[in-house]
$ cat structure.csv   # CSV, C-alpha atoms
chain,number,residue,atom,x,y,z
I,1,MET,CA,115.8,119.7,91.4
I,2,LYS,CA,114.4,120.4,88.0
I,3,ASN,CA,112.2,117.7,86.4
I,4,ALA,CA,110.2,114.7,87.4
I,5,LEU,CA,108.2,112.3,85.2
I,6,ILE,CA,105.4,110.1,86.5
I,7,LEU,CA,104.9,107.0,84.4
I,8,ALA,CA,101.2,106.5,84.0
I,9,GLY,CA,100.8,104.6,80.7
I,10,GLY,CA,100.6,101.1,81.9
I,11,LYS,CA,97.8,98.5,81.4
I,12,SER,CA,97.0,97.9,85.1
I,13,SER,CA,95.9,94.4,84.2
I,14,ARG,CA,96.2,93.0,87.8
I,15,MET,CA,94.3,96.0,89.2
I,16,GLY,CA,91.3,95.3,86.8
I,17,THR,CA,91.0,99.0,86.0
I,18,ASP,CA,93.5,101.9,85.2
I,19,LYS,CA,95.2,102.5,88.6
I,20,ALA,CA,96.5,105.9,87.4
I,21,LEU,CA,92.9,107.1,87.4
I,22,LEU,CA,91.7,105.7,90.7
I,23,PRO,CA,90.9,108.2,93.5
I,24,PHE,CA,93.6,108.2,96.2
I,25,TYR,CA,93.9,109.9,99.6
I,26,ALA,CA,91.6,112.9,99.0
I,27,HIS,CA,92.9,113.5,95.5
I,28,LYS,CA,91.0,113.0,92.2
I,29,THR,CA,93.4,110.2,91.2
I,30,LEU,CA,96.6,108.4,92.3
I,31,THR,CA,98.4,110.4,89.6
I,32,HIS,CA,97.2,113.7,91.1
I,33,PHE,CA,98.4,112.6,94.5
I,34,LEU,CA,101.9,111.8,93.3
I,35,PHE,CA,101.9,114.9,91.1
I,36,SER,CA,101.0,117.1,94.1
I,37,ARG,CA,103.8,115.5,96.2
I,38,LEU,CA,106.4,115.9,93.6
I,39,ASN,CA,105.5,119.5,92.9
I,40,HIS,CA,106.9,120.3,96.4
I,41,ILE,CA,110.3,118.9,95.3
I,42,PHE,CA,110.7,119.6,91.6
I,43,ASP,CA,110.4,122.7,89.5
I,44,HIS,CA,108.4,120.8,86.8
I,45,VAL,CA,106.4,117.6,87.0
I,46,PHE,CA,105.1,115.8,83.9
I,47,VAL,CA,103.0,112.7,83.4
I,48,SER,CA,103.9,110.2,80.7
I,49,THR,CA,101.0,108.4,79.1
I,50,LYS,CA,100.1,106.6,75.9
I,51,ASP,CA,96.7,108.0,75.3
I,52,GLU,CA,94.2,110.8,76.1
I,53,LYS,CA,93.0,109.3,79.4
I,54,PHE,CA,94.1,112.5,81.2
I,55,ALA,CA,92.3,114.8,78.8
I,56,LYS,CA,89.7,115.8,81.3
I,57,PHE,CA,92.4,116.8,83.7
I,58,ALA,CA,93.7,119.9,82.0
I,59,ASN,CA,96.1,120.7,84.9
I,60,LEU,CA,98.4,117.8,84.2
I,61,PRO,CA,101.3,118.5,81.8
I,62,LEU,CA,101.6,115.4,79.6
I,63,VAL,CA,104.5,113.8,77.8
I,64,LYS,CA,103.2,111.5,75.1
I,65,ASP,CA,104.5,108.0,74.7
I,66,ALA,CA,103.7,107.1,71.0
I,67,PHE,CA,105.2,103.6,71.0
I,68,ASP,CA,103.0,100.5,70.4
I,69,ALA,CA,104.9,98.5,73.0
I,70,GLN,CA,103.7,98.4,76.6
I,71,THR,CA,106.8,99.0,78.5
I,72,PRO,CA,108.2,101.9,80.6
I,73,LEU,CA,111.3,101.7,78.4
I,74,CYS,CA,109.2,103.6,75.8
I,75,ALA,CA,108.9,106.6,78.2
I,76,LEU,CA,112.7,106.5,78.7
I,77,ALA,CA,113.2,106.4,74.9
I,78,THR,CA,111.4,109.8,74.7
I,79,LEU,CA,113.4,111.6,77.5
I,80,GLU,CA,115.8,113.2,75.0
I,81,ARG,CA,112.9,114.8,73.1
I,82,TYR,CA,111.6,116.7,76.2
I,83,PHE,CA,114.5,117.1,78.7
I,84,THR,CA,118.1,118.3,78.7
I,85,THR,CA,119.0,117.5,82.4
I,86,PRO,CA,118.5,114.3,84.5
I,87,VAL,CA,114.9,113.5,85.2
I,88,PHE,CA,113.4,111.8,88.3
I,89,VAL,CA,111.3,108.9,86.9
I,90,ILE,CA,108.7,107.2,89.1
I,91,ALA,CA,105.9,104.8,88.4
I,92,VAL,CA,102.5,106.2,89.3
I,93,ASP,CA,101.8,103.1,91.5
I,94,THR,CA,104.8,103.9,93.8
I,95,PRO,CA,103.5,107.1,95.5
I,96,LEU,CA,105.2,107.0,98.9
I,97,VAL,CA,108.9,107.5,98.1
I,98,SER,CA,110.1,110.2,100.4
I,99,SER,CA,111.7,113.5,99.5
I,100,GLN,CA,114.8,112.4,101.5
I,101,THR,CA,115.1,109.3,99.3
I,102,ILE,CA,114.8,111.4,96.1
I,103,SER,CA,117.5,113.8,97.4
I,104,THR,CA,119.8,110.9,98.2
I,105,LEU,CA,119.3,109.4,94.7
I,106,TYR,CA,120.0,112.8,93.1
I,107,ALA,CA,123.2,113.2,95.2
I,108,ASN,CA,124.4,109.8,94.1
I,109,LEU,CA,123.8,110.4,90.4
I,110,GLN,CA,127.1,112.2,89.9
I,111,LYS,CA,128.6,111.2,86.6
I,112,ASN,CA,126.3,108.2,86.1
I,113,LYS,CA,123.5,108.1,83.5
I,114,ILE,CA,121.2,106.3,85.8
I,115,CYS,CA,120.7,106.3,89.6
I,116,VAL,CA,117.9,104.1,91.1
I,117,ALA,CA,116.8,102.8,94.4
I,118,SER,CA,117.1,99.3,95.8
I,119,SER,CA,115.5,97.8,99.0
I,120,GLY,CA,114.9,94.4,100.3
I,121,GLY,CA,117.1,92.8,97.6
I,122,HIS,CA,115.0,94.4,94.8
I,123,THR,CA,116.1,97.1,92.4
I,124,HIS,CA,113.4,99.7,91.8
I,125,TRP,CA,114.1,100.6,88.1
I,126,LEU,CA,111.2,102.9,88.1
I,127,CYS,CA,112.3,105.0,91.0
I,128,GLY,CA,115.4,107.0,90.1
I,129,PHE,CA,117.1,109.6,88.0
I,130,TYR,CA,117.7,109.1,84.3
I,131,ASP,CA,119.9,111.2,82.1
I,132,PRO,CA,118.2,112.0,78.7
I,133,SER,CA,121.2,110.5,76.9
I,134,VAL,CA,119.8,107.0,77.8
I,135,SER,CA,117.0,107.6,75.2
I,136,PRO,CA,118.9,106.2,72.1
I,137,VAL,CA,119.9,103.1,74.2
I,138,ALA,CA,116.3,102.6,75.2
I,139,LEU,CA,115.2,103.0,71.6
I,140,SER,CA,117.8,100.5,70.4
I,141,LEU,CA,116.7,98.0,73.1
I,142,ILE,CA,113.0,98.4,72.0
I,143,SER,CA,113.9,97.8,68.4
I,144,GLN,CA,115.6,94.6,69.4
I,145,GLY,CA,112.5,93.4,71.3
I,146,VAL,CA,114.1,94.0,74.7
I,147,TYR,CA,111.6,95.6,77.0
I,148,LYS,CA,113.1,95.4,80.5
I,149,VAL,CA,114.1,98.8,81.9
I,150,GLY,CA,116.9,97.0,83.9
I,151,ALA,CA,118.6,96.1,80.6
I,152,LEU,CA,119.8,99.7,80.3
I,153,HIS,CA,122.4,99.2,83.1
I,154,LYS,CA,124.4,97.0,80.7
I,155,PHE,CA,125.0,100.0,78.4
I,156,CYS,CA,124.7,103.1,80.7
I,157,ALA,CA,126.7,104.0,83.8
I,158,THR,CA,124.4,103.0,86.6
I,159,LYS,CA,124.4,103.5,90.4
I,160,VAL,CA,122.1,101.5,92.6
I,161,VAL,CA,121.5,103.0,96.1
I,162,ASN,CA,120.3,100.6,98.7
I,163,PHE,CA,117.7,101.8,101.3
I,164,SER,CA,116.8,100.0,104.4
I,165,GLN,CA,113.2,101.3,104.5
I,166,ASN,CA,111.3,99.0,102.2
I,167,GLU,CA,107.7,100.2,102.8
I,168,GLU,CA,108.2,103.6,101.0
I,169,PHE,CA,108.6,101.5,97.8
I,170,LEU,CA,105.3,99.7,98.1
I,171,ASN,CA,103.3,99.8,94.9
I,172,ALA,CA,99.7,99.2,93.9
I,173,ASN,CA,99.3,96.3,91.6
I,174,THR,CA,96.0,95.0,93.1
I,175,PRO,CA,93.1,96.5,95.0
I,176,ASP,CA,94.5,95.0,98.2
I,177,ASP,CA,97.9,96.7,97.5
I,178,LEU,CA,96.1,100.0,97.0
I,179,ARG,CA,94.3,99.6,100.3
I,180,LYS,CA,97.6,99.0,102.0
I,181,LEU,CA,99.2,102.0,100.3
I,182,HIS,CA,96.3,104.2,101.5
I,183,GLU,CA,96.9,103.0,105.1
I,184,LYS,CA,100.6,103.8,104.9
I,185,THR,CA,100.2,107.2,103.3
I,186,ALA,CA,99.8,109.1,106.5
I,187,ILE,CA,103.0,107.5,107.9
I,188,PHE,CA,105.3,107.7,104.9
I,189,ALA,CA,104.1,110.6,102.7
I,190,ASP,CA,106.0,113.7,103.7
I,191,PHE,CA,103.5,116.4,102.7
$ encode --input "structure.csv" --output "structure tokens"
Amino acid sequence: MKNALILAGGKSSRMGTDKALLPFYAHKTLTHFLFSRLNHIFDHVFVSTKDEKFAKFANLPLVKDAFDAQTPLCALATLERYFTTPVFVIAVDTPLVSSQTISTLYANLQKNKICVASSGGHTHWLCGFYDPSVSPVALSLISQGVYKVGALHKFCATKVVNFSQNEEFLNANTPDDLRKLHEKTAIFADF
């Protein structure tokens, strides 16, 4: 598989500090942990961010999100500028998604523009493949004041793949969530 994009431009308001920059599982940051994992699966891994918070980490290739709005939809609106083939998009706070799950999502993309995971009755819009052709749709939604990534499925062919394993989709929104993720890392992260 060719490209992955880690979304690391969020506000982290519930965490109280920027979770993308928190140390995690013997890595400098949670971003570095996920970057390292994805590097074993993809030819190229990039980090989407709004500012220069990763400037001191020269080894992370960045994709700049220059929008004022605080929504992952902004990163999707820039895909067409940087990529020509479908991109695996994942939120930085969801670091345990397995390589098998990623392969299954890729296999199910087929002629769809979007293929995302679902588990426990919840669609994980920030864990899946997005064709760069969704960018104009994302841009149009932003210009209309629509900021939910899930709104794309109304305009782009979308496949949602259900997974029975819910724990690999755990994310870190609070310090307690981060602690739980750290405990699960040795079990779910396929290094």
$ residues_around --input "structure.csv" --residues "Lys56 of chain I" --least-positions-apart "3" --cutoff "12 Å" --atoms "all atoms listed in the file" --output "PyMOL selection string"
chain I and resi 21+28-29+52-53+59-61
$ closest_residue --input "structure.csv" --among "I:Leu109, I:Leu152, I:Ile102, I:Met1" --to "Phe42 of chain I" --atoms "only C-alpha atoms"
I:Met1
$ residues_around --input "structure.csv" --residues "segment 97-101 of chain I" --least-positions-apart "2" --cutoff "12 Å" --atoms "all atoms listed in the file" --output "CSV table (one decimal) with C-alpha atoms, in the frame of the given file"
chain,number,residue,atom,x,y,z
I,1,MET,CA,115.8,119.7,91.4
I,34,LEU,CA,101.9,111.8,93.3
I,37,ARG,CA,103.8,115.5,96.2
I,38,LEU,CA,106.4,115.9,93.6
I,39,ASN,CA,105.5,119.5,92.9
I,40,HIS,CA,106.9,120.3,96.4
I,41,ILE,CA,110.3,118.9,95.3
I,42,PHE,CA,110.7,119.6,91.6
I,88,PHE,CA,113.4,111.8,88.3
I,89,VAL,CA,111.3,108.9,86.9
I,90,ILE,CA,108.7,107.2,89.1
I,91,ALA,CA,105.9,104.8,88.4
I,92,VAL,CA,102.5,106.2,89.3
I,93,ASP,CA,101.8,103.1,91.5
I,94,THR,CA,104.8,103.9,93.8
I,95,PRO,CA,103.5,107.1,95.5
I,103,SER,CA,117.5,113.8,97.4
I,104,THR,CA,119.8,110.9,98.2
I,105,LEU,CA,119.3,109.4,94.7
I,106,TYR,CA,120.0,112.8,93.1
I,107,ALA,CA,123.2,113.2,95.2
I,108,ASN,CA,124.4,109.8,94.1
I,115,CYS,CA,120.7,106.3,89.6
I,116,VAL,CA,117.9,104.1,91.1
I,117,ALA,CA,116.8,102.8,94.4
I,118,SER,CA,117.1,99.3,95.8
I,119,SER,CA,115.5,97.8,99.0
I,124,HIS,CA,113.4,99.7,91.8
I,126,LEU,CA,111.2,102.9,88.1
I,127,CYS,CA,112.3,105.0,91.0
I,128,GLY,CA,115.4,107.0,90.1
I,129,PHE,CA,117.1,109.6,88.0
I,161,VAL,CA,121.5,103.0,96.1
I,162,ASN,CA,120.3,100.6,98.7
I,163,PHE,CA,117.7,101.8,101.3
I,164,SER,CA,116.8,100.0,104.4
I,165,GLN,CA,113.2,101.3,104.5
I,166,ASN,CA,111.3,99.0,102.2
I,167,GLU,CA,107.7,100.2,102.8
I,168,GLU,CA,108.2,103.6,101.0
I,169,PHE,CA,108.6,101.5,97.8
I,170,LEU,CA,105.3,99.7,98.1
I,171,ASN,CA,103.3,99.8,94.9
I,181,LEU,CA,99.2,102.0,100.3
I,184,LYS,CA,100.6,103.8,104.9
I,185,THR,CA,100.2,107.2,103.3
I,187,ILE,CA,103.0,107.5,107.9
I,188,PHE,CA,105.3,107.7,104.9
I,189,ALA,CA,104.1,110.6,102.7
I,190,ASP,CA,106.0,113.7,103.7
I,191,PHE,CA,103.5,116.4,102.7
$ residues_near_point --input "structure.csv" --point "(105.9, 121.1, 84.2)" --cutoff "8 Å" --atoms "all atoms listed in the file" --output "list in words"
Asn3, Asp43, His44, Val45, Phe46 and Pro61 of chain I
$ write_last_selection --input "structure.csv" --atoms "C-alpha atoms" --output "PDB file, in the coordinates of the input"
ATOM      1  CA  ASN I   3     112.200 117.700  86.400  1.00  0.00           C
ATOM      2  CA  ASP I  43     110.400 122.700  89.500  1.00  0.00           C
ATOM      3  CA  HIS I  44     108.400 120.800  86.800  1.00  0.00           C
ATOM      4  CA  VAL I  45     106.400 117.600  87.000  1.00  0.00           C
ATOM      5  CA  PHE I  46     105.100 115.800  83.900  1.00  0.00           C
ATOM      6  CA  PRO I  61     101.300 118.500  81.800  1.00  0.00           C
TER       7      PRO I  61
END
$ atom_distance --input "structure.csv" --atom1 "atom CA of Tyr82 of chain I" --atom2 "atom CA of Pro132 of chain I"
8.5 Å
$ closest_residue --input "structure.csv" --among "I:Ser36, I:Cys74, I:Pro23, I:Ala55" --to "Gly145 of chain I" --atoms "all atoms listed in the file"
I:Cys74
$ residues_around --input "structure.csv" --residues "Ala151 of chain I" --least-positions-apart "4" --cutoff "9 Å" --atoms "only C-alpha atoms" --output "MDAnalysis selection string"
chainID I and resid 138 141 146:147 155
$ closest_residue --input "structure.csv" --among "I:Thr123, I:Thr174, I:Gln110, I:Thr78" --to "Pro136 of chain I" --atoms "only C-alpha atoms"
I:Thr78
$ closest_residue --input "structure.csv" --among "I:Leu96, I:Ala75, I:Thr31, I:Arg179" --to "Tyr130 of chain I" --atoms "all atoms listed in the file"
I:Ala75
$ atom_distance --input "structure.csv" --atom1 "atom CA of Pro72 of chain I" --atom2 "atom CA of Lys50 of chain I"
10.5 Å
$ decode --input "structure.csv" --residues "segment 84-99 of chain I" --atoms "N, CA, C and O atoms" --output "compact mmCIF listing (two decimals), in the first residue's frame"
# COMPACT_ATOMS: atom_id res chain seq x y z
N THR I 84 -2.34 11.13 -5.33
CA THR I 84 -3.04 10.75 -6.56
C THR I 84 -3.73 9.40 -6.42
O THR I 84 -4.49 9.00 -7.30
N THR I 85 -3.44 8.68 -5.35
CA THR I 85 -4.05 7.37 -5.10
C THR I 85 -4.71 7.39 -3.72
O THR I 85 -4.42 8.26 -2.90
N PRO I 86 -5.59 6.43 -3.44
CA PRO I 86 -6.26 6.39 -2.13
C PRO I 86 -5.26 6.41 -0.97
O PRO I 86 -4.19 5.81 -1.03
N VAL I 87 -5.66 7.13 0.08
CA VAL I 87 -4.80 7.36 1.25
C VAL I 87 -5.47 6.75 2.48
O VAL I 87 -6.66 6.97 2.69
N PHE I 88 -4.69 6.03 3.29
CA PHE I 88 -5.21 5.56 4.57
C PHE I 88 -5.13 6.72 5.55
O PHE I 88 -4.06 7.27 5.80
N VAL I 89 -6.28 7.12 6.08
CA VAL I 89 -6.37 8.25 6.99
C VAL I 89 -6.70 7.72 8.38
O VAL I 89 -7.64 6.94 8.55
N ILE I 90 -5.92 8.16 9.37
CA ILE I 90 -6.13 7.70 10.75
C ILE I 90 -5.87 8.85 11.72
O ILE I 90 -4.93 9.63 11.52
N ALA I 91 -6.71 8.95 12.73
CA ALA I 91 -6.50 9.95 13.77
C ALA I 91 -5.33 9.52 14.65
O ALA I 91 -5.17 8.33 14.94
N VAL I 92 -4.53 10.48 15.07
CA VAL I 92 -3.35 10.18 15.88
C VAL I 92 -3.72 9.48 17.18
O VAL I 92 -2.93 8.72 17.73
N ASP I 93 -4.92 9.71 17.68
CA ASP I 93 -5.31 9.14 18.96
C ASP I 93 -5.93 7.74 18.85
O ASP I 93 -6.49 7.23 19.80
N THR I 94 -5.78 7.11 17.69
CA THR I 94 -6.27 5.74 17.47
C THR I 94 -5.09 4.89 16.99
O THR I 94 -5.05 4.46 15.84
N PRO I 95 -4.13 4.61 17.86
CA PRO I 95 -2.87 4.02 17.40
C PRO I 95 -2.81 2.49 17.34
O PRO I 95 -1.80 1.94 16.93
N LEU I 96 -3.88 1.79 17.70
CA LEU I 96 -3.78 0.34 17.80
C LEU I 96 -4.42 -0.44 16.66
O LEU I 96 -4.47 -1.67 16.69
N VAL I 97 -4.90 0.24 15.63
CA VAL I 97 -5.53 -0.44 14.51
C VAL I 97 -4.51 -1.37 13.86
O VAL I 97 -3.38 -0.97 13.57
N SER I 98 -4.91 -2.62 13.67
CA SER I 98 -3.97 -3.64 13.19
C SER I 98 -3.72 -3.56 11.69
O SER I 98 -4.53 -3.04 10.93
N SER I 99 -2.60 -4.13 11.29
CA SER I 99 -2.27 -4.19 9.86
C SER I 99 -3.30 -5.04 9.12
O SER I 99 -3.62 -4.75 7.97
